[in-house]
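A.B. asks: My structure is in final.cif, and what it holds is mmCIF, C-alpha atoms:
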data_entry
loop_
_atom_site.group_PDB
_atom_site.id
_atom_site.type_symbol
_atom_site.label_atom_id
_atom_site.label_comp_id
_atom_site.auth_asym_id
_atom_site.auth_seq_id
_atom_site.Cartn_x
_atom_site.Cartn_y
_atom_site.Cartn_z
ATOM 1 C CA MET A 1 59.978 2.078 120.788
ATOM 2 C CA ALA A 2 60.295 -1.659 120.633
ATOM 3 C CA ALA A 3 58.679 -3.793 123.278
ATOM 4 C CA VAL A 4 60.831 -6.845 123.752
ATOM 5 C CA ALA A 5 59.053 -8.729 126.549
ATOM 6 C CA GLY A 6 59.951 -12.400 126.521
ATOM 7 C CA ARG A 7 63.295 -11.887 124.829
ATOM 8 C CA THR A 8 66.042 -14.164 126.140
ATOM 9 C CA TYR A 9 69.792 -13.797 125.828
ATOM 10 C CA PRO A 10 72.545 -16.403 125.523
ATOM 11 C CA ALA A 11 74.021 -17.882 128.689
ATOM 12 C CA VAL A 12 77.075 -16.161 130.132
ATOM 13 C CA THR A 13 79.594 -18.031 132.266
ATOM 14 C CA PHE A 14 81.326 -16.241 135.103
ATOM 15 C CA GLU A 15 84.154 -17.403 137.343
ATOM 16 C CA ILE A 16 83.912 -16.269 140.958
ATOM 17 C CA GLU A 17 87.453 -14.930 141.430
ATOM 18 C CA SER A 18 88.873 -14.405 144.908
ATOM 19 C CA GLU A 19 90.412 -11.018 144.138
ATOM 20 C CA ARG A 20 87.159 -9.554 142.826
ATOM 21 C CA VAL A 21 85.254 -11.012 145.765
ATOM 22 C CA ALA A 22 87.715 -9.476 148.238
ATOM 23 C CA ASP A 23 87.527 -6.059 146.521
ATOM 24 C CA PHE A 24 83.741 -6.221 146.495
ATOM 25 C CA ALA A 25 83.577 -7.258 150.159
ATOM 26 C CA ARG A 26 85.810 -4.360 151.207
ATOM 27 C CA ALA A 27 83.661 -1.889 149.264
ATOM 28 C CA ILE A 28 80.503 -2.877 151.135
ATOM 29 C CA GLY A 29 82.022 -3.266 154.593
ATOM 30 C CA ALA A 30 81.809 -7.052 154.577
ATOM 31 C CA ASP A 31 84.403 -9.457 155.963
ATOM 32 C CA PRO A 32 86.010 -11.358 153.054
ATOM 33 C CA ALA A 33 86.335 -14.296 155.471
ATOM 34 C CA ASP A 34 82.542 -14.596 155.344
ATOM 35 C CA GLY A 35 82.785 -15.848 151.764
ATOM 36 C CA VAL A 36 81.158 -14.423 148.670
ATOM 37 C CA PRO A 37 78.958 -11.480 149.706
ATOM 38 C CA PRO A 38 75.306 -12.081 148.752
ATOM 39 C CA THR A 39 75.101 -9.015 146.531
ATOM 40 C CA PHE A 40 78.146 -10.148 144.559
ATOM 41 C CA ALA A 41 75.219 -11.364 142.437
ATOM 42 C CA ALA A 42 75.370 -7.800 141.098
ATOM 43 C CA THR A 43 78.413 -8.992 139.161
ATOM 44 C CA TYR A 44 77.888 -12.686 138.388
ATOM 45 C CA ALA A 45 74.210 -12.216 137.516
ATOM 46 C CA LEU A 46 73.299 -8.636 136.674
ATOM 47 C CA GLU A 47 76.541 -7.181 135.337
ATOM 48 C CA ALA A 48 77.172 -10.400 133.425
ATOM 49 C CA THR A 49 73.910 -10.200 131.508
ATOM 50 C CA ALA A 50 72.551 -6.629 131.473
ATOM 51 C CA PRO A 51 75.034 -5.512 128.779
ATOM 52 C CA GLN A 52 73.287 -7.961 126.427
ATOM 53 C CA LEU A 53 70.054 -6.043 126.928
ATOM 54 C CA PHE A 54 71.721 -2.643 126.692
ATOM 55 C CA GLY A 55 73.543 -3.678 123.513
ATOM 56 C CA ASP A 56 70.433 -5.143 121.867
ATOM 57 C CA GLU A 57 69.523 -2.738 119.076
ATOM 58 C CA GLU A 58 65.974 -4.086 118.866
ATOM 59 C CA ALA A 59 65.479 -3.484 122.583
ATOM 60 C CA ALA A 60 66.585 0.113 121.917
ATOM 61 C CA ILE A 61 67.381 0.953 125.543
ATOM 62 C CA ASP A 62 68.494 4.594 125.744
ATOM 63 C CA PHE A 63 71.298 4.155 128.248
ATOM 64 C CA ALA A 64 71.599 7.913 128.811
ATOM 65 C CA ARG A 65 67.978 8.027 130.080
ATOM 66 C CA LEU A 66 68.110 4.833 132.065
ATOM 67 C CA LEU A 67 67.463 4.601 135.793
ATOM 68 C CA HIS A 68 67.992 1.429 137.779
ATOM 69 C CA ALA A 69 64.853 1.845 139.857
ATOM 70 C CA GLU A 70 64.559 -1.410 141.797
ATOM 71 C CA GLN A 71 66.624 -4.513 142.389
ATOM 72 C CA GLU A 72 65.856 -7.831 143.986
ATOM 73 C CA PHE A 73 68.011 -10.887 144.532
ATOM 74 C CA GLU A 74 66.740 -14.273 145.636
ATOM 75 C CA TRP A 75 69.345 -16.837 146.600
ATOM 76 C CA HIS A 76 68.968 -20.594 146.636
ATOM 77 C CA ARG A 77 72.524 -20.597 147.919
ATOM 78 C CA HIS A 78 75.540 -18.342 147.787
ATOM 79 C CA PRO A 79 78.325 -19.430 145.430
ATOM 80 C CA ARG A 80 81.867 -20.095 146.587
ATOM 81 C CA VAL A 81 85.112 -18.571 145.403
ATOM 82 C CA GLY A 82 86.463 -20.593 142.501
ATOM 83 C CA GLU A 83 83.073 -21.715 141.218
ATOM 84 C CA THR A 84 82.000 -21.028 137.686
ATOM 85 C CA VAL A 85 78.358 -20.061 137.405
ATOM 86 C CA THR A 86 76.127 -19.526 134.388
ATOM 87 C CA SER A 87 73.693 -16.639 134.091
ATOM 88 C CA ARG A 88 70.844 -16.252 131.629
ATOM 89 C CA GLY A 89 69.025 -12.950 131.190
ATOM 90 C CA ARG A 90 65.527 -12.359 129.891
ATOM 91 C CA VAL A 91 63.117 -9.479 129.542
ATOM 92 C CA ALA A 92 60.283 -10.402 131.908
ATOM 93 C CA SER A 93 58.163 -7.389 130.964
ATOM 94 C CA ASP A 94 58.428 -4.237 128.887
ATOM 95 C CA THR A 95 55.665 -1.672 129.286
ATOM 96 C CA SER A 96 55.218 2.045 128.789
ATOM 97 C CA ARG A 97 52.998 4.448 130.636
ATOM 98 C CA ARG A 98 52.946 8.208 131.007
ATOM 99 C CA GLY A 99 56.006 8.616 128.818
ATOM 100 C CA MET A 100 58.117 6.214 130.839
ATOM 101 C CA ARG A 101 59.244 2.785 129.761
ATOM 102 C CA PHE A 102 59.530 0.071 132.412
ATOM 103 C CA VAL A 103 61.736 -2.920 131.619
ATOM 104 C CA SER A 104 61.887 -5.801 134.072
ATOM 105 C CA PHE A 105 65.043 -7.819 133.428
ATOM 106 C CA GLU A 106 65.466 -11.169 135.161
ATOM 107 C CA THR A 107 68.614 -13.239 135.370
ATOM 108 C CA ASP A 108 68.699 -16.849 136.544
ATOM 109 C CA THR A 109 72.059 -18.172 137.672
ATOM 110 C CA THR A 110 72.927 -21.851 137.919
ATOM 111 C CA ASP A 111 75.986 -23.757 139.054
ATOM 112 C CA GLU A 112 78.118 -26.299 137.211
ATOM 113 C CA ASP A 113 75.542 -29.016 137.957
ATOM 114 C CA GLY A 114 72.753 -26.867 136.560
ATOM 115 C CA SER A 115 71.276 -26.361 140.018
ATOM 116 C CA PRO A 116 69.823 -22.943 140.776
ATOM 117 C CA VAL A 117 71.988 -20.395 142.589
ATOM 118 C CA SER A 118 70.045 -17.156 142.385
ATOM 119 C CA ARG A 119 67.521 -15.019 140.567
ATOM 120 C CA SER A 120 68.077 -11.313 139.954
ATOM 121 C CA ARG A 121 65.207 -8.979 139.101
ATOM 122 C CA ALA A 122 66.151 -5.495 137.935
ATOM 123 C CA LEU A 123 63.604 -2.834 137.116
ATOM 124 C CA PHE A 124 64.915 -0.294 134.650
ATOM 125 C CA VAL A 125 63.003 2.912 133.967
ATOM 126 C CA ILE A 126 63.792 4.775 130.772
ATOM 127 C CA ARG A 127 62.674 8.391 130.644
ATOM 128 C CA SER A 128 61.405 9.580 127.281
ATOM 129 C CA MET B 1 79.144 0.496 134.060
ATOM 130 C CA ASN B 2 77.279 3.730 133.511
ATOM 131 C CA PRO B 3 79.769 6.657 133.408
ATOM 132 C CA ILE B 4 77.530 8.687 135.757
ATOM 133 C CA HIS B 5 79.119 6.582 138.532
ATOM 134 C CA LEU B 6 82.710 7.137 137.423
ATOM 135 C CA ASN B 7 83.069 10.414 135.555
ATOM 136 C CA ASP B 8 82.118 13.646 137.292
ATOM 137 C CA GLU B 9 82.256 15.705 134.100
ATOM 138 C CA PHE B 10 79.999 13.273 132.261
ATOM 139 C CA ALA B 11 77.554 13.145 135.178
ATOM 140 C CA ARG B 12 77.250 16.943 135.180
ATOM 141 C CA SER B 13 76.779 16.918 131.392
ATOM 142 C CA VAL B 14 73.602 14.849 131.794
ATOM 143 C CA GLY B 15 72.195 17.145 134.491
ATOM 144 C CA LEU B 16 73.367 15.477 137.684
ATOM 145 C CA PRO B 17 74.930 17.535 140.494
ATOM 146 C CA SER B 18 78.081 15.372 140.387
ATOM 147 C CA LEU B 19 78.919 11.729 139.883
ATOM 148 C CA ILE B 20 76.606 9.577 141.985
ATOM 149 C CA ALA B 21 77.192 6.378 143.913
ATOM 150 C CA HIS B 22 76.238 3.147 142.181
ATOM 151 C CA GLY B 23 73.008 1.815 143.635
ATOM 152 C CA MET B 24 74.748 -1.507 144.177
ATOM 153 C CA LEU B 25 76.947 0.208 146.762
ATOM 154 C CA GLN B 26 73.906 1.134 148.841
ATOM 155 C CA MET B 27 72.363 -2.298 148.270
ATOM 156 C CA GLY B 28 75.631 -4.038 149.138
ATOM 157 C CA ILE B 29 76.031 -2.166 152.406
ATOM 158 C CA ALA B 30 72.358 -2.853 153.158
ATOM 159 C CA ALA B 31 73.068 -6.560 152.620
ATOM 160 C CA THR B 32 76.058 -6.408 154.956
ATOM 161 C CA VAL B 33 73.911 -4.840 157.695
ATOM 162 C CA ALA B 34 71.035 -7.251 157.037
ATOM 163 C CA GLY B 35 73.456 -10.188 157.061
ATOM 164 C CA GLU B 36 74.743 -9.190 160.487
ATOM 165 C CA ALA B 37 71.187 -8.892 161.806
ATOM 166 C CA ALA B 38 70.345 -12.298 160.307
ATOM 167 C CA GLY B 39 73.249 -13.994 162.073
ATOM 168 C CA GLY B 40 75.527 -14.217 159.045
ATOM 169 C CA PRO B 41 75.377 -13.153 155.393
ATOM 170 C CA GLY B 42 75.063 -16.772 154.274
ATOM 171 C CA ARG B 43 71.569 -16.822 155.776
ATOM 172 C CA LEU B 44 70.195 -14.171 153.432
ATOM 173 C CA ARG B 45 67.675 -15.630 151.008
ATOM 174 C CA ARG B 46 66.159 -12.513 149.495
ATOM 175 C CA LEU B 47 66.851 -8.792 149.395
ATOM 176 C CA SER B 48 64.737 -6.290 147.545
ATOM 177 C CA VAL B 49 65.216 -2.516 147.336
ATOM 178 C CA ARG B 50 63.961 0.555 145.527
ATOM 179 C CA PHE B 51 66.647 3.120 144.726
ATOM 180 C CA ALA B 52 64.777 6.151 146.011
ATOM 181 C CA GLY B 53 67.436 8.833 146.119
ATOM 182 C CA MET B 54 70.852 9.707 144.778
ATOM 183 C CA VAL B 55 73.924 9.356 146.966
ATOM 184 C CA LEU B 56 76.692 11.863 146.263
ATOM 185 C CA PRO B 57 80.327 11.915 147.371
ATOM 186 C CA GLY B 58 80.429 13.433 150.877
ATOM 187 C CA ASP B 59 76.984 12.185 151.869
ATOM 188 C CA THR B 60 76.590 10.249 155.116
ATOM 189 C CA VAL B 61 74.151 7.352 154.880
ATOM 190 C CA THR B 62 73.031 5.486 157.981
ATOM 191 C CA PHE B 63 71.955 1.877 157.464
ATOM 192 C CA GLY B 64 69.878 -0.276 159.753
ATOM 193 C CA ALA B 65 67.984 -3.567 159.781
ATOM 194 C CA GLU B 66 65.051 -4.192 162.106
ATOM 195 C CA PRO B 67 63.201 -7.477 162.703
ATOM 196 C CA ALA B 68 59.887 -7.553 160.817
ATOM 197 C CA GLY B 69 58.507 -10.976 161.635
ATOM 198 C CA GLU B 70 59.893 -14.477 161.413
ATOM 199 C CA GLY B 71 62.911 -14.482 159.123
ATOM 200 C CA LYS B 72 62.238 -10.976 157.848
ATOM 201 C CA LEU B 73 63.992 -7.647 158.210
ATOM 202 C CA ASP B 74 63.070 -4.098 157.306
ATOM 203 C CA VAL B 75 66.149 -2.347 155.988
ATOM 204 C CA LYS B 76 66.689 1.402 156.236
ATOM 205 C CA ALA B 77 69.187 3.674 154.510
ATOM 206 C CA VAL B 78 68.822 7.354 155.363
ATOM 207 C CA ASN B 79 71.082 10.250 154.407
ATOM 208 C CA GLN B 80 72.240 13.202 156.541
ATOM 209 C CA ARG B 81 69.089 15.155 155.632
ATOM 210 C CA GLY B 82 66.842 12.360 156.854
ATOM 211 C CA GLU B 83 65.901 11.293 153.326
ATOM 212 C CA ALA B 84 65.561 7.591 152.576
ATOM 213 C CA VAL B 85 67.919 6.604 149.771
ATOM 214 C CA LEU B 86 66.478 3.078 149.742
ATOM 215 C CA THR B 87 62.780 2.391 150.192
ATOM 216 C CA LYS B 88 60.746 -0.835 150.085
ATOM 217 C CA ALA B 89 63.927 -2.466 151.358
ATOM 218 C CA VAL B 90 63.233 -5.883 152.828
ATOM 219 C CA ALA B 91 65.360 -8.934 153.508
ATOM 220 C CA GLU B 92 64.439 -12.537 154.194
ATOM 221 C CA TYR B 93 66.739 -15.047 155.802
ATOM 222 C CA ALA B 94 66.879 -18.702 156.722
ATOM 223 C CA GLY B 95 67.551 -20.069 160.188
ATOM 224 C CA GLN B 96 70.787 -21.705 159.145
ATOM 225 C CA PRO B 97 73.494 -20.661 156.742
ATOM 226 C CA HIS B 98 73.771 -22.966 153.759
ATOM 227 C CA SER B 99 77.416 -23.711 154.367
ATOM 228 C CA ALA B 100 79.890 -23.910 157.205
ATOM 229 C CA GLY B 101 82.245 -21.068 157.991
ATOM 230 C CA GLU B 102 79.738 -18.277 158.253
ATOM 231 C CA ARG B 103 80.295 -15.769 161.007
ATOM 232 C CA ASP B 104 77.491 -16.012 163.538
ATOM 233 C CA VAL B 105 77.315 -12.801 165.508
ATOM 234 C CA GLY B 106 74.273 -14.017 167.417
ATOM 235 C CA ARG B 107 72.017 -11.136 166.535
ATOM 236 C CA GLY B 108 68.652 -10.949 164.867
ATOM 237 C CA ALA B 109 65.779 -13.335 165.420
#
Let me see whether you can do it: turn the structure in this file into structure tokens.
C.D. replies:
Amino acid sequence: MAAVAGRTYPAVTFEIESERVADFARAIGADPADGVPPTFAATYALEATAPQLFGDEEAAIDFARLLHAEQEFEWHRHPRVGETVTSRGRVASDTSRRGMRFVSFETDTTDEDGSPVSRSRALFVIRS
Amino acid sequence: MNPIHLNDEFARSVGLPSLIAHGMLQMGIAATVAGEAAGGPGRLRRLSVRFAGMVLPGDTVTFGAEPAGEGKLDVKAVNQRGEAVLTKAVAEYAGQPHSAGERDVGRGA
């Protein structure tokens, strides 16, 4: 089992599209007129970058044994429809205890000016 | 996306009772409820949850957000058996939304 704490992945750009925002808002009972739902960060931050971790052979994440155990989002601001944001993922920690592997994956998202938008922290638990 | 959220047959093949809801559904609904309690979703500054239990098709989950100090909310998500499907669920919000056009329902702190 490879510990890959500190590993960083290339930046991913993501356009905040109105149709996806509206679909997402409907799914969570939000009013699309309220703008981009806060947890749309699940797409522009987490879903944009987590596949880099899952596809990293050296990280050797066994997707079939993976649990998304915890999730946190911190927002500096909420993006607007039509913006393009940039998300960068990194492995904040990678530890094993009692047969379980705990991978903390953080994603920082910035706007077109490079100003911070949000930080996502996902805790993945991989059963052995 | 993990096929356990989309494919019932696959989910059963890995030992689950059926396909299960994506945790982001529970977290998203929690954010909607917390946003209303905060006076608008644009005010949310932080939301943190632990995915404590599976949610299956047909389950009924009741969400709530209670004031827990200045700018803070405790968020609950409990299924029809009284089991918490989210734990350690807390939200923080600012007094003002960051942009115009947010719905202010006048609730919360």
A.B. asks: Hey, which bits of chain B sit within 9 Å of chain A, and for each residue what's the closest pair of atoms and how far apart in Å (one decimal), counting only C-alpha atoms, rows by chain and increasing number, as CSV?
C.D. replies:
residue,atom,partner,partner_atom,distance
B:Met1,CA,A:Glu47,CA,8.2
B:Asn2,CA,A:Phe63,CA,8.0
B:Val14,CA,A:Ala64,CA,7.8
B:Gly23,CA,A:His68,CA,7.7
B:Met24,CA,A:Ala42,CA,7.0
B:Leu25,CA,A:Ile28,CA,6.4
B:Gln26,CA,A:Ile28,CA,8.1
B:Met27,CA,A:Thr39,CA,7.5
B:Gly28,CA,A:Ile28,CA,5.4
B:Ile29,CA,A:Ile28,CA,4.7
B:Ala30,CA,A:Ile28,CA,8.4
B:Ala31,CA,A:Thr39,CA,6.9
B:Thr32,CA,A:Ala30,CA,5.8
B:Val33,CA,A:Ala30,CA,8.8
B:Gly35,CA,A:Pro38,CA,8.7
B:Gly40,CA,A:Asp34,CA,7.9
B:Pro41,CA,A:Pro38,CA,6.7
B:Gly42,CA,A:His78,CA,6.7
B:Arg43,CA,A:Arg77,CA,8.8
B:Leu44,CA,A:Pro38,CA,7.2
B:Arg45,CA,A:Trp75,CA,4.9
B:Arg46,CA,A:Glu74,CA,4.3
B:Leu47,CA,A:Phe73,CA,5.4
B:Ser48,CA,A:Glu72,CA,4.0
B:Val49,CA,A:Gln71,CA,5.5
B:Arg50,CA,A:Glu70,CA,4.3
B:Phe51,CA,A:Ala69,CA,5.3
B:Ala52,CA,A:Ala69,CA,7.5
B:Pro97,CA,A:Arg77,CA,8.9
B:His98,CA,A:Arg77,CA,6.4
B:Ser99,CA,A:Arg77,CA,8.7
B:Gly101,CA,A:Asp34,CA,7.0
B:Glu102,CA,A:Asp34,CA,5.5
B:Arg103,CA,A:Asp34,CA,6.2
A.B. asks: Apply the PyMOL selection byres ((chain A and resi 103) around 12) to the file shown and report the selected residues as a PyMOL selection string.
C.D. replies: chain A and resi 2-7+50+53-54+59-62+66-71+90-97+100-102+104-106+121-127
A.B. asks: Can you turn the PyMOL selection byres ((chain B and resi 66-82) around 9) into a concrete residue list for this file, as number ranges by chain?
C.D. replies: B: 26, 30-31, 33-34, 37-38, 49, 55, 59-65, 83-95, 108-109
A.B. asks: Translate the PyMOL selection byres ((chain A and resi 111) around 10) into a concrete residue list for this structure, as a list in words.
C.D. replies: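 What the PyMOL selection byres ((chain A and resi 111) around 10) grabs from the file is Thr13, Pro79, Glu83, Thr84, Val85, Thr86, Ser87, Thr109, Thr110, Glu112, Asp113, Gly114, Ser115, Pro116, Val117 and Ser118 of chain A.
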A.B. asks: Any idea what the distance is between atom CA of Glu57 of chain A and atom CA of Met54 of chain B?
C.D. replies: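 That distance, rounded to one decimal, is 28.6 Å.
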A.B. asks: Could you tell me how far atom CA of Gly58 of chain B lies from atom CA of Arg26 of chain A, in Å and to one decimal?
C.D. replies: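 Rounded to one decimal, the two atoms are 18.6 Å apart.
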A.B. asks: Using atom CA of Gly89 of chain A and atom CA of Ser18 of chain A as the two end points, give the distance in Å to one decimal.
C.D. replies: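 The value is 24.2 Å.
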A.B. asks: I need segment 15-97 of chain B from the structure I supplied, saved as a PDB file, in the first residue's frame with C-alpha atoms retained.
C.D. replies:
ATOM      1  CA  GLY B  15     -22.784  -6.676  -0.609  1.00  0.00           C
ATOM      2  CA  LEU B  16     -25.109  -3.695  -0.371  1.00  0.00           C
ATOM      3  CA  PRO B  17     -28.865  -4.190   0.096  1.00  0.00           C
ATOM      4  CA  SER B  18     -29.573  -2.154  -3.063  1.00  0.00           C
ATOM      5  CA  LEU B  19     -28.162   0.908  -4.751  1.00  0.00           C
ATOM      6  CA  ILE B  20     -27.638   3.660  -2.191  1.00  0.00           C
ATOM      7  CA  ALA B  21     -28.090   7.409  -2.384  1.00  0.00           C
ATOM      8  CA  HIS B  22     -24.984   9.464  -3.074  1.00  0.00           C
ATOM      9  CA  GLY B  23     -23.823  11.148   0.111  1.00  0.00           C
ATOM     10  CA  MET B  24     -23.800  14.440  -1.765  1.00  0.00           C
ATOM     11  CA  LEU B  25     -27.585  14.180  -2.017  1.00  0.00           C
ATOM     12  CA  GLN B  26     -27.907  14.140   1.767  1.00  0.00           C
ATOM     13  CA  MET B  27     -25.275  16.868   2.107  1.00  0.00           C
ATOM     14  CA  GLY B  28     -26.943  18.971  -0.587  1.00  0.00           C
ATOM     15  CA  ILE B  29     -30.352  18.790   1.053  1.00  0.00           C
ATOM     16  CA  ALA B  30     -28.695  19.561   4.398  1.00  0.00           C
ATOM     17  CA  ALA B  31     -27.166  22.660   2.788  1.00  0.00           C
ATOM     18  CA  THR B  32     -30.550  23.722   1.430  1.00  0.00           C
ATOM     19  CA  VAL B  33     -32.096  23.449   4.909  1.00  0.00           C
ATOM     20  CA  ALA B  34     -29.110  25.162   6.541  1.00  0.00           C
ATOM     21  CA  GLY B  35     -29.215  27.912   3.910  1.00  0.00           C
ATOM     22  CA  GLU B  36     -32.856  28.625   4.701  1.00  0.00           C
ATOM     23  CA  ALA B  37     -32.083  28.778   8.422  1.00  0.00           C
ATOM     24  CA  ALA B  38     -29.140  31.100   7.718  1.00  0.00           C
ATOM     25  CA  GLY B  39     -31.303  33.549   5.781  1.00  0.00           C
ATOM     26  CA  GLY B  40     -30.156  32.498   2.319  1.00  0.00           C
ATOM     27  CA  PRO B  41     -27.783  29.900   0.868  1.00  0.00           C
ATOM     28  CA  GLY B  42     -25.315  32.610  -0.142  1.00  0.00           C
ATOM     29  CA  ARG B  43     -24.571  33.158   3.548  1.00  0.00           C
ATOM     30  CA  LEU B  44     -23.170  29.672   4.094  1.00  0.00           C
ATOM     31  CA  ARG B  45     -19.440  29.759   4.749  1.00  0.00           C
ATOM     32  CA  ARG B  46     -18.773  26.225   5.918  1.00  0.00           C
ATOM     33  CA  LEU B  47     -20.572  22.895   6.029  1.00  0.00           C
ATOM     34  CA  SER B  48     -19.090  19.728   7.415  1.00  0.00           C
ATOM     35  CA  VAL B  49     -20.717  16.292   7.665  1.00  0.00           C
ATOM     36  CA  ARG B  50     -19.949  12.678   8.457  1.00  0.00           C
ATOM     37  CA  PHE B  51     -21.808  10.162   6.302  1.00  0.00           C
ATOM     38  CA  ALA B  52     -23.009   7.945   9.127  1.00  0.00           C
ATOM     39  CA  GLY B  53     -25.581   5.732   7.463  1.00  0.00           C
ATOM     40  CA  MET B  54     -26.738   4.517   4.084  1.00  0.00           C
ATOM     41  CA  VAL B  55     -29.850   5.965   2.483  1.00  0.00           C
ATOM     42  CA  LEU B  56     -31.803   3.548   0.295  1.00  0.00           C
ATOM     43  CA  PRO B  57     -34.570   4.179  -2.233  1.00  0.00           C
ATOM     44  CA  GLY B  58     -37.856   4.407  -0.295  1.00  0.00           C
ATOM     45  CA  ASP B  59     -36.271   5.797   2.862  1.00  0.00           C
ATOM     46  CA  THR B  60     -37.702   8.964   4.401  1.00  0.00           C
ATOM     47  CA  VAL B  61     -35.064  11.322   5.771  1.00  0.00           C
ATOM     48  CA  THR B  62     -36.031  14.326   7.868  1.00  0.00           C
ATOM     49  CA  PHE B  63     -33.614  17.258   7.803  1.00  0.00           C
ATOM     50  CA  GLY B  64     -33.352  20.106  10.255  1.00  0.00           C
ATOM     51  CA  ALA B  65     -31.040  22.961  11.213  1.00  0.00           C
ATOM     52  CA  GLU B  66     -30.973  24.420  14.716  1.00  0.00           C
ATOM     53  CA  PRO B  67     -29.111  27.527  15.918  1.00  0.00           C
ATOM     54  CA  ALA B  68     -25.923  26.584  17.787  1.00  0.00           C
ATOM     55  CA  GLY B  69     -24.417  29.937  18.672  1.00  0.00           C
ATOM     56  CA  GLU B  70     -23.564  33.028  16.684  1.00  0.00           C
ATOM     57  CA  GLY B  71     -23.446  32.151  13.000  1.00  0.00           C
ATOM     58  CA  LYS B  72     -23.561  28.418  13.650  1.00  0.00           C
ATOM     59  CA  LEU B  73     -26.106  25.697  13.009  1.00  0.00           C
ATOM     60  CA  ASP B  74     -26.383  22.081  14.059  1.00  0.00           C
ATOM     61  CA  VAL B  75     -27.735  20.078  11.152  1.00  0.00           C
ATOM     62  CA  LYS B  76     -29.725  16.872  11.570  1.00  0.00           C
ATOM     63  CA  ALA B  77     -30.676  14.192   9.060  1.00  0.00           C
ATOM     64  CA  VAL B  78     -32.612  11.276  10.528  1.00  0.00           C
ATOM     65  CA  ASN B  79     -34.266   8.374   8.724  1.00  0.00           C
ATOM     66  CA  GLN B  80     -37.666   6.758   9.381  1.00  0.00           C
ATOM     67  CA  ARG B  81     -36.116   4.453  11.999  1.00  0.00           C
ATOM     68  CA  GLY B  82     -34.709   7.384  13.943  1.00  0.00           C
ATOM     69  CA  GLU B  83     -31.146   6.703  12.796  1.00  0.00           C
ATOM     70  CA  ALA B  84     -28.906   9.651  11.972  1.00  0.00           C
ATOM     71  CA  VAL B  85     -27.658   9.386   8.398  1.00  0.00           C
ATOM     72  CA  LEU B  86     -25.446  12.446   8.898  1.00  0.00           C
ATOM     73  CA  THR B  87     -23.551  13.081  12.117  1.00  0.00           C
ATOM     74  CA  LYS B  88     -21.090  15.810  13.141  1.00  0.00           C
ATOM     75  CA  ALA B  89     -23.058  17.992  10.741  1.00  0.00           C
ATOM     76  CA  VAL B  90     -22.404  21.667  11.364  1.00  0.00           C
ATOM     77  CA  ALA B  91     -22.798  24.798   9.283  1.00  0.00           C
ATOM     78  CA  GLU B  92     -21.363  28.275   9.676  1.00  0.00           C
ATOM     79  CA  TYR B  93     -22.759  31.349   8.012  1.00  0.00           C
ATOM     80  CA  ALA B  94     -22.039  35.029   7.611  1.00  0.00           C
ATOM     81  CA  GLY B  95     -24.427  37.840   8.467  1.00  0.00           C
ATOM     82  CA  GLN B  96     -24.693  38.989   4.884  1.00  0.00           C
ATOM     83  CA  PRO B  97     -24.752  37.110   1.619  1.00  0.00           C
TER      84      PRO B  97
END
